[in-house]
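Beneath this line is the structure, given in structure tokens, with notes to follow.
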Amino acid sequence: MKDLLSKKHILIINPEHEIEQSLSLAFPELERPKIFAFTSGRSALAQLDHIHPDFILSTYATEDITGKDVFLALVKERTLKAYRHIPMGLVSEEKERNQYGKLLFDLGLRFWMSTPLKPDVLRELLINLFLTEGLYRQSSTLQQEVKKSEYRFRDLLENANDVVFILDEMGNFVYLNNRFQSLTGFDKDAWIEKRWADLVDISDRELALESLEMVHHGRARIFEAKIQTKQGEPVFLSISLTPIVEKDAVIGVIGIGRDITEQKRMEKEIVELKNFNESIIESMEAGLLTIDLEGRITSLNRGGQNILGLKIDEVIGKPLTSVLQPSEVEELLSNKSNNPFRKREMQLSLKSGKKVSIGFTVTDRFDNQRNKVGTIISFRDITEIKQMEAQLIRMDRLASLGVLASGIAHEIKNPLAGIKSLAQACDEEFENTDPRREYLARIIRQVNRLDELLRTFFAFAKPKPPDMKPHRLTDILREVYNLVSKRMEMNKIQYVQQIERDLPSVHVDPQQMQQVFLNLILNAIDAMPSGGTLTISARKVSSSMSGIIRKLSPPQGSSFHSFVEVSVADTGIGISPDKLEIIFDPFFTTKPNGLGLGLSIVYRIIEAHCGDIWVKSYPGQGTAFYIVLPTGAEK
Ligand SMILES: Nc1ncnc2c1ncn2[C@@H]1O[C@H](COP(=O)(O)OP(=O)(O)OP(=O)(O)O)[C@@H](O)[C@H]1O
Ligand SMILES: [Mg+2]
């Protein structure tokens with residue numbers, strides 16, 4: 001108690017000194033505050049600077065102005081601003097107090113004591129006053145601390161990199177930080193009291209309102225929404241809304257919006273890039289297959305599915321050996337030369353039974369850290385290329401053979417003609433009955449045979465270009481049949497002809513075509529030494545059905561849309577698979593008296609007709625040759 005008052009300065013204005021007396025009665029000397037007494041109000045106010053009073057106590061009447069005027073001067077005068085907060089009390093009779101009490105208390109007067117002054121009461125009053133004053137000070141410094149931290153907090157909010165906002169319970173803005181302004185270009189004050197949902201782009205507004213509704217039920221929400229800047233540019237925000245709860249009721253919402261426009265743009269770019277890559281891979285005709293380190297298939301594009309004749313569901317997650325033979329897989333994945341791109345060519349038998357040639361390129365797949373994570377296998381169906389290659393080789397062989405054959409034929413033809421005419425001249429020298437004429441006749445027969453052989457050579461070496469016109473296949477076949485019917489009869493061969501009704505005419509040279517069928521039928525007869533059946537069938541096919549027609553340019557002026565497929569099938573000895581490739585080669589023969597030219601001539605003629613020929617044979621069961629010919633211009 002001593003400390004509470006003894007250090008205080010009390011300024012007293014009392015012309016009669018009654019307060020001074022009362023104070024000295026109220027406090028023992030040691031406890032007594034330091035007293036600065038004045039008799040004039042004006043001079044007291046003039047000394048404030050020197051005294052720095054903690055409390056002012058004045059009687060109503062002073063030598064000059066009233067105690068009331070002193071108080072009003074303290075409250076209102078600008079020069080006394082610094083002293084405005086010094087607590088002040090008045091001492092007077094009841095009358096003045098009743099008259100001005102309310103007004104002065106409203107302005108902050110602390111107390112008003114009635115005369116006569118009682119020292120006890122004065123003591124109580126002063127002690128109370130200083131106690132409450134001390135508490136008041138303490139609380140005001142506390143308040144200042146709170147204010148300061150609030151400023152720091154505000155500072156943080158204002159300069160945050162995210163948009164921070166507060167909504168009232170109606171969902172209207174009550175606070176927006178600076179970031180809002182810099183991000184959207186809108187004036188933040190203009191948005192205060194505006195509906196928050198109106199800031200959100202119309203496309204996301206429903207979501208925004210729904211989210212706000214949930215937050216009003218006390219749950220925090222995070223969602224993405226588009227807003228438009230003042231310039232009309234879209235900005236994507238990740239918005240988190242948190243309820244402000246007071247006494248179990250949501251009284252507002254704190255929102256934080258993070259600008260994710262760039263992130264969105266990158267996400268979109270990545271998705272687009274992914275789609276772009278995928279669409280390229282999917283639209284490729286070539287096959288693309290990937291496997292992981294365990295050899296399981298992780299992807300197969302559409303091109304690959306087409307080539308292999310497999311559906312994606314049949315292969316994903318399965319080992320590569322479910323698509324290829326284990327030996328094929330081993331060959332494909334082996335990398336002895338440590339080559340980053342390994343090329344392989346393989347013949348595969350597909351599930352459908354079809355045989356295809358595939359060209360593979362195999363390369364390792366790495367992740368960003370250069371760890372191997374699998375293998376990429378790209379492949380192409382090169383069956384047609386392989387066929388064309390074989391065809392080119394065959395044509396090349398035929399052509400060089402042709403040159404050779406015509407050279408030899410020429411060299412032999414003249415000496416042969418000489419031998420023949422000399423033999424004939426000799427023959428005329430001899431008597432009719434001379435037995436030596438028989439020798440000459442043999443010479444001439446052998447020369448004739450050689451001559452015949454040479455003609456075949458010539459036909460092969462210098463084939464005439466076909467004179468193509470529309471002809472009925474049945475007419476051509478009839479001519480051929482007449483030539484071979486006898487032989488078939490002798491060999492106990494049954495002849496069957498299955499020609500589709502309304503078969504279109506074929507665009508061919510009839511002489512050459514007769515030669516084709518003659519050769520095929522003679523071969524068939526040779527293949528059935530103990531009889532059998534020879535079947536000739538013909539049907540119309542469209543180019544897409546045939547699938548085999550690989551002639552790149554049909555003869556000028558013609559446009560072939562449809563084709564006739566003719567097959568010549570026998571039930572003979574068949575051809576072993578290893579021979580199938582070479583039967584069209586000139587001079588390949590398995591017959592003691594064969595020349596091995598029949599099929600190569602057939603091949604040439606079909607070639608010149610822009611047709612195609614292939615063979616299927618089963619040893620011990622029979623052989624079928626298939627020919628495709630363009631149909632004629634008219635039916
Ligand atoms: N229908 C067939 N059945 C079995 N093998 C055949 C058949 N057609 C052809 N061949 C085989 O193909 C070979 C070549 O036939 P190609 O017609 O070219 O010659 P060739 O018949 O031997 O002699 P030629 O020159 O007299 O025709 C034959 O020797 C035979 O081995
Ligand atoms: Mg033959």
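By convention in this document, the chains of the structure tokens carry letters A, B, ... by their order, each chain's residues are numbered from 1, and ligands are numbered from 1 in the order they are shown.
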
Which residues are close to Ile244 of chain A, i.e. within 12 Å by only C-alpha atoms, leaving aside same-chain residues fewer than 6 positions away? Reply as a list in words.
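The contact residues come out as Ile166, Leu167, Asp168, Glu169, Val215, His216, His217, Gly218, Arg219, Ala220, Val250, Ile251, Gly252, Val253, Ile254 and Gly255 of chain A.
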
Emit the selected residues as an mmCIF file, in the first residue's frame, including all heavy atoms.
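Result file out-v4.cif:
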data_model
loop_
_atom_site.group_PDB
_atom_site.id
_atom_site.type_symbol
_atom_site.label_atom_id
_atom_site.label_comp_id
_atom_site.auth_asym_id
_atom_site.auth_seq_id
_atom_site.Cartn_x
_atom_site.Cartn_y
_atom_site.Cartn_z
ATOM 1 N N ILE A 166 -12.151 -13.644 -46.207
ATOM 2 C CA ILE A 166 -13.092 -14.047 -45.155
ATOM 3 C C ILE A 166 -14.483 -13.719 -45.650
ATOM 4 O O ILE A 166 -14.723 -12.656 -46.235
ATOM 5 C CB ILE A 166 -12.783 -13.314 -43.829
ATOM 6 C CG1 ILE A 166 -11.381 -13.710 -43.358
ATOM 7 C CG2 ILE A 166 -13.823 -13.664 -42.767
ATOM 8 C CD1 ILE A 166 -10.907 -12.956 -42.138
ATOM 9 N N LEU A 167 -15.394 -14.676 -45.459
ATOM 10 C CA LEU A 167 -16.776 -14.470 -45.885
ATOM 11 C C LEU A 167 -17.654 -14.409 -44.641
ATOM 12 O O LEU A 167 -17.370 -15.079 -43.648
ATOM 13 C CB LEU A 167 -17.255 -15.637 -46.748
ATOM 14 C CG LEU A 167 -16.383 -16.039 -47.928
ATOM 15 C CD1 LEU A 167 -16.982 -17.254 -48.619
ATOM 16 C CD2 LEU A 167 -16.272 -14.879 -48.929
ATOM 17 N N ASP A 168 -18.710 -13.621 -44.720
ATOM 18 C CA ASP A 168 -19.652 -13.631 -43.601
ATOM 19 C C ASP A 168 -20.608 -14.818 -43.772
ATOM 20 O O ASP A 168 -20.455 -15.616 -44.710
ATOM 21 C CB ASP A 168 -20.407 -12.300 -43.508
ATOM 22 C CG ASP A 168 -21.249 -12.028 -44.741
ATOM 23 O OD1 ASP A 168 -21.456 -12.977 -45.531
ATOM 24 O OD2 ASP A 168 -21.676 -10.877 -44.934
ATOM 25 N N GLU A 169 -21.549 -14.934 -42.868
ATOM 26 C CA GLU A 169 -22.390 -16.138 -42.928
ATOM 27 C C GLU A 169 -23.267 -16.185 -44.184
ATOM 28 O O GLU A 169 -23.786 -17.224 -44.543
ATOM 29 C CB GLU A 169 -23.230 -16.297 -41.640
ATOM 30 C CG GLU A 169 -24.297 -15.269 -41.425
ATOM 31 C CD GLU A 169 -23.788 -14.048 -40.645
ATOM 32 O OE1 GLU A 169 -22.681 -13.524 -40.963
ATOM 33 O OE2 GLU A 169 -24.488 -13.612 -39.745
ATOM 34 N N VAL A 215 -19.478 -26.147 -46.075
ATOM 35 C CA VAL A 215 -18.687 -25.472 -45.050
ATOM 36 C C VAL A 215 -19.607 -24.864 -44.005
ATOM 37 O O VAL A 215 -19.308 -24.874 -42.822
ATOM 38 C CB VAL A 215 -17.774 -24.406 -45.680
ATOM 39 C CG1 VAL A 215 -17.002 -23.657 -44.612
ATOM 40 C CG2 VAL A 215 -16.802 -25.060 -46.659
ATOM 41 N N HIS A 216 -20.742 -24.428 -44.449
ATOM 42 C CA HIS A 216 -21.714 -23.879 -43.497
ATOM 43 C C HIS A 216 -22.229 -24.940 -42.544
ATOM 44 O O HIS A 216 -22.737 -24.636 -41.475
ATOM 45 C CB HIS A 216 -22.881 -23.219 -44.238
ATOM 46 C CG HIS A 216 -22.562 -21.810 -44.626
ATOM 47 N ND1 HIS A 216 -22.969 -21.249 -45.807
ATOM 48 C CD2 HIS A 216 -21.846 -20.851 -43.992
ATOM 49 C CE1 HIS A 216 -22.502 -20.010 -45.892
ATOM 50 N NE2 HIS A 216 -21.823 -19.759 -44.794
ATOM 51 N N HIS A 217 -22.076 -26.202 -42.966
ATOM 52 C CA HIS A 217 -22.455 -27.286 -42.055
ATOM 53 C C HIS A 217 -21.276 -27.724 -41.201
ATOM 54 O O HIS A 217 -21.303 -28.782 -40.595
ATOM 55 C CB HIS A 217 -23.019 -28.468 -42.828
ATOM 56 C CG HIS A 217 -24.415 -28.201 -43.306
ATOM 57 N ND1 HIS A 217 -24.685 -27.687 -44.550
ATOM 58 C CD2 HIS A 217 -25.610 -28.330 -42.673
ATOM 59 C CE1 HIS A 217 -25.981 -27.524 -44.680
ATOM 60 N NE2 HIS A 217 -26.578 -27.910 -43.561
ATOM 61 N N GLY A 218 -20.225 -26.901 -41.223
ATOM 62 C CA GLY A 218 -19.119 -27.142 -40.299
ATOM 63 C C GLY A 218 -17.977 -27.959 -40.870
ATOM 64 O O GLY A 218 -17.059 -28.298 -40.148
ATOM 65 N N ARG A 219 -18.023 -28.295 -42.185
ATOM 66 C CA ARG A 219 -16.933 -29.103 -42.732
ATOM 67 C C ARG A 219 -16.032 -28.288 -43.645
ATOM 68 O O ARG A 219 -16.520 -27.456 -44.420
ATOM 69 C CB ARG A 219 -17.513 -30.269 -43.539
ATOM 70 C CG ARG A 219 -17.801 -31.456 -42.630
ATOM 71 C CD ARG A 219 -18.273 -32.617 -43.422
ATOM 72 N NE ARG A 219 -19.632 -32.422 -43.859
ATOM 73 C CZ ARG A 219 -20.210 -33.157 -44.798
ATOM 74 N NH1 ARG A 219 -19.510 -34.084 -45.414
ATOM 75 N NH2 ARG A 219 -21.467 -32.959 -45.125
ATOM 76 N N ALA A 220 -14.742 -28.516 -43.539
ATOM 77 C CA ALA A 220 -13.807 -27.811 -44.414
ATOM 78 C C ALA A 220 -13.843 -28.460 -45.793
ATOM 79 O O ALA A 220 -14.138 -29.643 -45.932
ATOM 80 C CB ALA A 220 -12.404 -27.892 -43.843
ATOM 81 N N VAL A 250 -21.673 -21.589 -37.231
ATOM 82 C CA VAL A 250 -20.726 -21.086 -38.225
ATOM 83 C C VAL A 250 -21.073 -19.630 -38.497
ATOM 84 O O VAL A 250 -22.177 -19.325 -38.950
ATOM 85 C CB VAL A 250 -20.802 -21.910 -39.523
ATOM 86 C CG1 VAL A 250 -19.895 -21.309 -40.586
ATOM 87 C CG2 VAL A 250 -20.404 -23.354 -39.254
ATOM 88 N N ILE A 251 -20.133 -18.745 -38.164
ATOM 89 C CA ILE A 251 -20.445 -17.330 -38.331
ATOM 90 C C ILE A 251 -19.721 -16.744 -39.540
ATOM 91 O O ILE A 251 -19.934 -15.604 -39.909
ATOM 92 C CB ILE A 251 -20.073 -16.516 -37.069
ATOM 93 C CG1 ILE A 251 -18.589 -16.719 -36.768
ATOM 94 C CG2 ILE A 251 -20.933 -16.908 -35.893
ATOM 95 C CD1 ILE A 251 -18.011 -15.612 -35.931
ATOM 96 N N GLY A 252 -18.901 -17.542 -40.172
ATOM 97 C CA GLY A 252 -18.194 -17.053 -41.353
ATOM 98 C C GLY A 252 -17.299 -18.137 -41.903
ATOM 99 O O GLY A 252 -17.285 -19.267 -41.405
ATOM 100 N N VAL A 253 -16.556 -17.780 -42.947
ATOM 101 C CA VAL A 253 -15.705 -18.765 -43.613
ATOM 102 C C VAL A 253 -14.367 -18.113 -43.944
ATOM 103 O O VAL A 253 -14.330 -16.975 -44.411
ATOM 104 C CB VAL A 253 -16.368 -19.257 -44.926
ATOM 105 C CG1 VAL A 253 -15.437 -20.159 -45.695
ATOM 106 C CG2 VAL A 253 -17.682 -19.966 -44.632
ATOM 107 N N ILE A 254 -13.272 -18.843 -43.655
ATOM 108 C CA ILE A 254 -11.958 -18.375 -44.103
ATOM 109 C C ILE A 254 -11.604 -19.142 -45.366
ATOM 110 O O ILE A 254 -11.738 -20.364 -45.416
ATOM 111 C CB ILE A 254 -10.875 -18.638 -43.044
ATOM 112 C CG1 ILE A 254 -11.166 -17.788 -41.811
ATOM 113 C CG2 ILE A 254 -9.489 -18.293 -43.592
ATOM 114 C CD1 ILE A 254 -10.165 -17.997 -40.704
ATOM 115 N N GLY A 255 -11.212 -18.410 -46.371
ATOM 116 C CA GLY A 255 -10.867 -19.071 -47.634
ATOM 117 C C GLY A 255 -9.438 -18.772 -48.030
ATOM 118 O O GLY A 255 -8.922 -17.684 -47.799
#

Need the shell around Leu348 of chain A: protein/DNA/RNA residues with any atom at most 9 Å away, counting only C-alpha atoms. Skip same-chain ones fewer than 4 positions apart. Format as number ranges by chain?
A: 324-325, 328, 354-358

Selection to disk with N, CA, C and O atoms, as a PDB file, in the first residue's frame:
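Final output, part.pdb:
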ATOM      1  N   LEU A 324       5.085 -65.657 -79.080  1.00  0.00           N
ATOM      2  CA  LEU A 324       6.135 -66.238 -79.928  1.00  0.00           C
ATOM      3  C   LEU A 324       6.643 -67.532 -79.292  1.00  0.00           C
ATOM      4  O   LEU A 324       6.476 -67.752 -78.091  1.00  0.00           O
ATOM      5  N   GLN A 325       7.264 -68.365 -80.104  1.00  0.00           N
ATOM      6  CA  GLN A 325       7.879 -69.590 -79.582  1.00  0.00           C
ATOM      7  C   GLN A 325       9.046 -69.205 -78.664  1.00  0.00           C
ATOM      8  O   GLN A 325       9.718 -68.205 -78.923  1.00  0.00           O
ATOM      9  N   GLU A 328      12.075 -68.406 -80.523  1.00  0.00           N
ATOM     10  CA  GLU A 328      11.976 -67.116 -81.239  1.00  0.00           C
ATOM     11  C   GLU A 328      12.226 -65.955 -80.282  1.00  0.00           C
ATOM     12  O   GLU A 328      12.918 -65.000 -80.623  1.00  0.00           O
ATOM     13  N   LYS A 354      -1.651 -68.670 -90.728  1.00  0.00           N
ATOM     14  CA  LYS A 354      -0.973 -67.920 -91.776  1.00  0.00           C
ATOM     15  C   LYS A 354       0.519 -67.788 -91.443  1.00  0.00           C
ATOM     16  O   LYS A 354       0.882 -67.606 -90.277  1.00  0.00           O
ATOM     17  N   LYS A 355       1.345 -67.877 -92.506  1.00  0.00           N
ATOM     18  CA  LYS A 355       2.781 -67.695 -92.282  1.00  0.00           C
ATOM     19  C   LYS A 355       3.147 -66.286 -92.732  1.00  0.00           C
ATOM     20  O   LYS A 355       2.784 -65.870 -93.815  1.00  0.00           O
ATOM     21  N   VAL A 356       3.844 -65.554 -91.859  1.00  0.00           N
ATOM     22  CA  VAL A 356       4.246 -64.199 -92.237  1.00  0.00           C
ATOM     23  C   VAL A 356       5.726 -63.997 -91.948  1.00  0.00           C
ATOM     24  O   VAL A 356       6.279 -64.614 -91.049  1.00  0.00           O
ATOM     25  N   SER A 357       6.323 -63.114 -92.759  1.00  0.00           N
ATOM     26  CA  SER A 357       7.700 -62.731 -92.468  1.00  0.00           C
ATOM     27  C   SER A 357       7.641 -61.411 -91.715  1.00  0.00           C
ATOM     28  O   SER A 357       6.935 -60.490 -92.138  1.00  0.00           O
ATOM     29  N   ILE A 358       8.346 -61.312 -90.593  1.00  0.00           N
ATOM     30  CA  ILE A 358       8.302 -60.099 -89.781  1.00  0.00           C
ATOM     31  C   ILE A 358       9.726 -59.555 -89.613  1.00  0.00           C
ATOM     32  O   ILE A 358      10.652 -60.315 -89.343  1.00  0.00           O
TER      33      ILE A 358
END

Identify, counting only C-alpha atoms and all ligand atoms, the protein, DNA and RNA residues located within 8 Å of ligand 2, and give them as a list of chain:residue names.
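Residues lying within 8 Å of ligand 2: A:Asn519, A:Leu520, A:Leu522, A:Asn523, A:Thr589, A:Gly594, A:Leu595, A:Gly596, A:Leu597, A:Gly598, A:Leu599.
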
Show me which residues sit within 8 Å of ligand 1 when counting only C-alpha atoms and all ligand atoms, and put them as a compact mmCIF listing (two decimals) with N, CA, C and O atoms, in the first residue's frame.
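This is the output file result-v4.txt:
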# COMPACT_ATOMS: atom_id res chain seq x y z
N ASN A 519 0.70 -76.80 -119.86
CA ASN A 519 1.82 -77.13 -118.98
C ASN A 519 1.35 -77.63 -117.61
O ASN A 519 1.87 -78.61 -117.09
N LEU A 520 0.34 -76.92 -117.06
CA LEU A 520 -0.14 -77.31 -115.73
C LEU A 520 -0.79 -78.69 -115.77
O LEU A 520 -0.59 -79.52 -114.88
N ILE A 521 -1.58 -78.92 -116.84
CA ILE A 521 -2.28 -80.21 -116.93
C ILE A 521 -1.30 -81.36 -117.19
O ILE A 521 -1.40 -82.42 -116.58
N LEU A 522 -0.30 -81.08 -118.03
CA LEU A 522 0.70 -82.13 -118.30
C LEU A 522 1.45 -82.48 -117.00
O LEU A 522 1.69 -83.66 -116.72
N ASN A 523 1.79 -81.48 -116.23
CA ASN A 523 2.44 -81.73 -114.93
C ASN A 523 1.54 -82.57 -114.04
O ASN A 523 2.01 -83.48 -113.35
N ALA A 524 0.24 -82.20 -114.01
CA ALA A 524 -0.72 -82.93 -113.16
C ALA A 524 -0.79 -84.39 -113.61
O ALA A 524 -0.80 -85.30 -112.76
N ILE A 525 -0.84 -84.60 -114.91
CA ILE A 525 -0.90 -85.99 -115.42
C ILE A 525 0.35 -86.75 -114.97
O ILE A 525 0.27 -87.88 -114.48
N ASP A 526 1.52 -86.07 -115.11
CA ASP A 526 2.77 -86.72 -114.70
C ASP A 526 2.75 -87.07 -113.21
O ASP A 526 3.39 -88.03 -112.78
N ALA A 527 2.04 -86.25 -112.43
CA ALA A 527 2.03 -86.47 -110.97
C ALA A 527 1.09 -87.59 -110.56
O ALA A 527 1.07 -87.98 -109.40
N MET A 528 0.24 -88.05 -111.51
CA MET A 528 -0.72 -89.11 -111.16
C MET A 528 -0.46 -90.34 -112.03
O MET A 528 -1.29 -90.70 -112.88
N ALA A 569 -6.12 -78.52 -109.98
CA ALA A 569 -5.78 -79.35 -108.83
C ALA A 569 -5.73 -80.83 -109.23
O ALA A 569 -6.56 -81.29 -110.00
N ASP A 570 -4.72 -81.51 -108.69
CA ASP A 570 -4.63 -82.96 -108.95
C ASP A 570 -4.60 -83.72 -107.64
O ASP A 570 -4.43 -83.12 -106.57
N GLY A 572 -2.35 -86.07 -107.05
CA GLY A 572 -1.10 -86.79 -107.34
C GLY A 572 -0.14 -86.86 -106.17
O GLY A 572 -0.54 -86.75 -105.01
N ILE A 573 1.14 -86.99 -106.51
CA ILE A 573 2.16 -87.27 -105.49
C ILE A 573 2.49 -86.07 -104.60
O ILE A 573 3.04 -86.21 -103.52
N GLY A 574 2.16 -84.88 -105.08
CA GLY A 574 2.43 -83.69 -104.29
C GLY A 574 3.88 -83.23 -104.40
O GLY A 574 4.71 -83.90 -105.03
N ILE A 575 4.16 -82.07 -103.79
CA ILE A 575 5.51 -81.50 -103.85
C ILE A 575 5.98 -81.26 -102.41
O ILE A 575 5.22 -80.70 -101.61
N LYS A 579 10.76 -78.03 -101.90
CA LYS A 579 10.82 -77.85 -103.36
C LYS A 579 9.89 -76.74 -103.83
O LYS A 579 10.07 -76.20 -104.91
N ILE A 583 10.18 -74.69 -107.72
CA ILE A 583 9.60 -75.35 -108.90
C ILE A 583 9.44 -74.39 -110.08
O ILE A 583 9.39 -74.82 -111.23
N PHE A 584 9.37 -73.07 -109.79
CA PHE A 584 9.22 -72.11 -110.90
C PHE A 584 10.57 -71.76 -111.53
O PHE A 584 10.62 -71.05 -112.51
N ASP A 585 11.64 -72.21 -110.89
CA ASP A 585 12.97 -71.91 -111.45
C ASP A 585 13.20 -72.69 -112.74
O ASP A 585 12.85 -73.87 -112.84
N PRO A 586 13.78 -72.02 -113.74
CA PRO A 586 14.05 -72.74 -114.99
C PRO A 586 15.01 -73.91 -114.74
O PRO A 586 15.94 -73.80 -113.94
N PHE A 587 14.77 -74.97 -115.45
CA PHE A 587 15.60 -76.19 -115.41
C PHE A 587 15.49 -76.97 -114.11
O PHE A 587 16.22 -77.91 -113.91
N PHE A 588 14.52 -76.56 -113.24
CA PHE A 588 14.31 -77.45 -112.10
C PHE A 588 13.34 -78.53 -112.55
O PHE A 588 12.22 -78.25 -112.96
N THR A 589 13.76 -79.73 -112.44
CA THR A 589 12.89 -80.85 -112.81
C THR A 589 13.23 -82.06 -111.96
O THR A 589 14.35 -82.20 -111.48
N THR A 590 12.20 -82.90 -111.75
CA THR A 590 12.45 -84.17 -111.05
C THR A 590 12.20 -85.33 -112.00
O THR A 590 12.16 -86.47 -111.59
N LYS A 591 11.97 -84.96 -113.30
CA LYS A 591 11.60 -86.00 -114.26
C LYS A 591 12.79 -86.36 -115.14
O LYS A 591 13.54 -85.46 -115.55
N ASN A 593 12.99 -87.23 -118.21
CA ASN A 593 12.98 -86.60 -119.53
C ASN A 593 12.51 -85.16 -119.49
O ASN A 593 12.26 -84.56 -120.54
N GLY A 594 12.37 -84.60 -118.29
CA GLY A 594 11.85 -83.24 -118.20
C GLY A 594 12.93 -82.21 -118.50
O GLY A 594 14.12 -82.46 -118.33
N LEU A 595 12.48 -81.06 -118.99
CA LEU A 595 13.43 -79.95 -119.23
C LEU A 595 13.43 -79.00 -118.03
O LEU A 595 14.37 -78.27 -117.80
N GLY A 596 12.31 -78.99 -117.29
CA GLY A 596 12.18 -78.08 -116.16
C GLY A 596 11.89 -76.65 -116.60
O GLY A 596 12.17 -75.69 -115.90
N LEU A 597 11.29 -76.52 -117.80
CA LEU A 597 10.98 -75.16 -118.28
C LEU A 597 9.48 -74.84 -118.21
O LEU A 597 9.09 -73.69 -118.24
N GLY A 598 8.65 -75.90 -118.10
CA GLY A 598 7.19 -75.70 -118.14
C GLY A 598 6.71 -74.61 -117.19
O GLY A 598 6.09 -73.63 -117.62
N LEU A 599 7.01 -74.76 -115.90
CA LEU A 599 6.46 -73.80 -114.92
C LEU A 599 7.09 -72.42 -115.05
O LEU A 599 6.43 -71.42 -114.77
N SER A 600 8.36 -72.36 -115.47
CA SER A 600 8.94 -71.01 -115.60
C SER A 600 8.30 -70.26 -116.78
O SER A 600 8.13 -69.04 -116.71
N ILE A 601 7.92 -71.03 -117.81
CA ILE A 601 7.21 -70.36 -118.93
C ILE A 601 5.83 -69.91 -118.44
O ILE A 601 5.39 -68.78 -118.69
N SER A 617 0.47 -77.41 -101.91
CA SER A 617 0.65 -78.83 -102.18
C SER A 617 0.79 -79.61 -100.89
O SER A 617 1.36 -79.11 -99.91
N GLY A 622 -1.80 -84.35 -103.07
CA GLY A 622 -2.08 -83.64 -104.32
C GLY A 622 -1.56 -82.22 -104.31
O GLY A 622 -0.99 -81.75 -103.33
N THR A 623 -1.75 -81.57 -105.46
CA THR A 623 -1.22 -80.23 -105.65
C THR A 623 -2.29 -79.37 -106.33
O THR A 623 -3.05 -79.87 -107.15
N ALA A 624 -2.33 -78.09 -105.95
CA ALA A 624 -3.24 -77.18 -106.64
C ALA A 624 -2.49 -75.90 -107.01
O ALA A 624 -1.81 -75.32 -106.17
N PHE A 625 -2.56 -75.55 -108.28
CA PHE A 625 -2.00 -74.26 -108.74
C PHE A 625 -3.16 -73.26 -108.86
O PHE A 625 -4.22 -73.60 -109.37

Leaving out Ser43 of chain A and any residue of its chain fewer than 5 positions from it, which residues lie within 10 Å of it when counting only C-alpha atoms, given as a PDB file with N, CA, C and O atoms, in the first residue's frame?
ATOM      1  N   ILE A  13      -6.037  21.459  -6.412  1.00  0.00           N
ATOM      2  CA  ILE A  13      -6.392  22.871  -6.561  1.00  0.00           C
ATOM      3  C   ILE A  13      -7.467  23.142  -5.510  1.00  0.00           C
ATOM      4  O   ILE A  13      -8.588  22.612  -5.615  1.00  0.00           O
ATOM      5  N   PHE A  38      -2.284  23.954  -5.455  1.00  0.00           N
ATOM      6  CA  PHE A  38      -2.476  25.258  -6.092  1.00  0.00           C
ATOM      7  C   PHE A  38      -3.777  25.862  -5.590  1.00  0.00           C
ATOM      8  O   PHE A  38      -4.691  25.125  -5.198  1.00  0.00           O
ATOM      9  N   LEU A  48       1.448  21.709 -15.371  1.00  0.00           N
ATOM     10  CA  LEU A  48       1.319  20.271 -15.647  1.00  0.00           C
ATOM     11  C   LEU A  48       2.633  19.679 -16.168  1.00  0.00           C
ATOM     12  O   LEU A  48       3.035  18.588 -15.799  1.00  0.00           O
ATOM     13  N   GLU A  63      -9.453  29.941  -7.323  1.00  0.00           N
ATOM     14  CA  GLU A  63      -9.272  31.397  -7.320  1.00  0.00           C
ATOM     15  C   GLU A  63      -9.795  32.034  -8.601  1.00  0.00           C
ATOM     16  O   GLU A  63     -10.276  33.138  -8.610  1.00  0.00           O
ATOM     17  N   ASP A  64      -9.642  31.333  -9.673  1.00  0.00           N
ATOM     18  CA  ASP A  64     -10.123  31.908 -10.938  1.00  0.00           C
ATOM     19  C   ASP A  64     -11.206  31.017 -11.565  1.00  0.00           C
ATOM     20  O   ASP A  64     -12.366  31.117 -11.217  1.00  0.00           O
TER      21      ASP A  64
END

Taking the chain letters and numbering used in this document, name the residues of segment 425-540 of chain A that DSSP puts in strand (DSSP E or B), as a ChimeraX atom specification.
/A:469-471,493-499,506-508,532-540

Excluding same-chain residues fewer than 5 positions from segment 443-459 of chain A, what lies within 7 Å of it counting only C-alpha atoms, as a PyMOL selection string?
chain A and resi 405-406+409+416+420+423

For Glu233 of chain A: contacts at 9 Å, only C-alpha atoms, fewer than 5 positions along chain excluded, given as a list of chain:residue names
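Contacts, in chain order: A:Thr184, A:Ile227, A:Gln228.
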
With all heavy atoms kept, could you save the residues just selected as a CSV table (one decimal), in the first residue's frame?
chain,number,residue,atom,x,y,z
A,184,THR,N,-6.1,-10.9,-59.6
A,184,THR,CA,-7.3,-10.8,-60.5
A,184,THR,C,-7.3,-9.4,-61.2
A,184,THR,O,-8.0,-9.3,-62.2
A,184,THR,CB,-8.6,-10.9,-59.7
A,184,THR,OG1,-8.6,-9.8,-58.7
A,184,THR,CG2,-8.6,-12.2,-58.9
A,227,ILE,N,-11.6,-18.8,-62.2
A,227,ILE,CA,-12.2,-17.5,-62.1
A,227,ILE,C,-11.7,-16.7,-63.3
A,227,ILE,O,-10.7,-17.1,-63.9
A,227,ILE,CB,-11.8,-16.8,-60.7
A,227,ILE,CG1,-10.3,-16.6,-60.7
A,227,ILE,CG2,-12.3,-17.6,-59.6
A,227,ILE,CD1,-9.9,-15.7,-59.5
A,228,GLN,N,-12.3,-15.6,-63.5
A,228,GLN,CA,-11.9,-14.7,-64.6
A,228,GLN,C,-11.2,-13.5,-64.1
A,228,GLN,O,-11.8,-12.9,-63.1
A,228,GLN,CB,-13.1,-14.2,-65.5
A,228,GLN,CG,-13.9,-15.3,-66.1
A,228,GLN,CD,-13.4,-15.8,-67.4
A,228,GLN,OE1,-12.4,-15.3,-67.9
A,228,GLN,NE2,-14.0,-16.8,-68.0
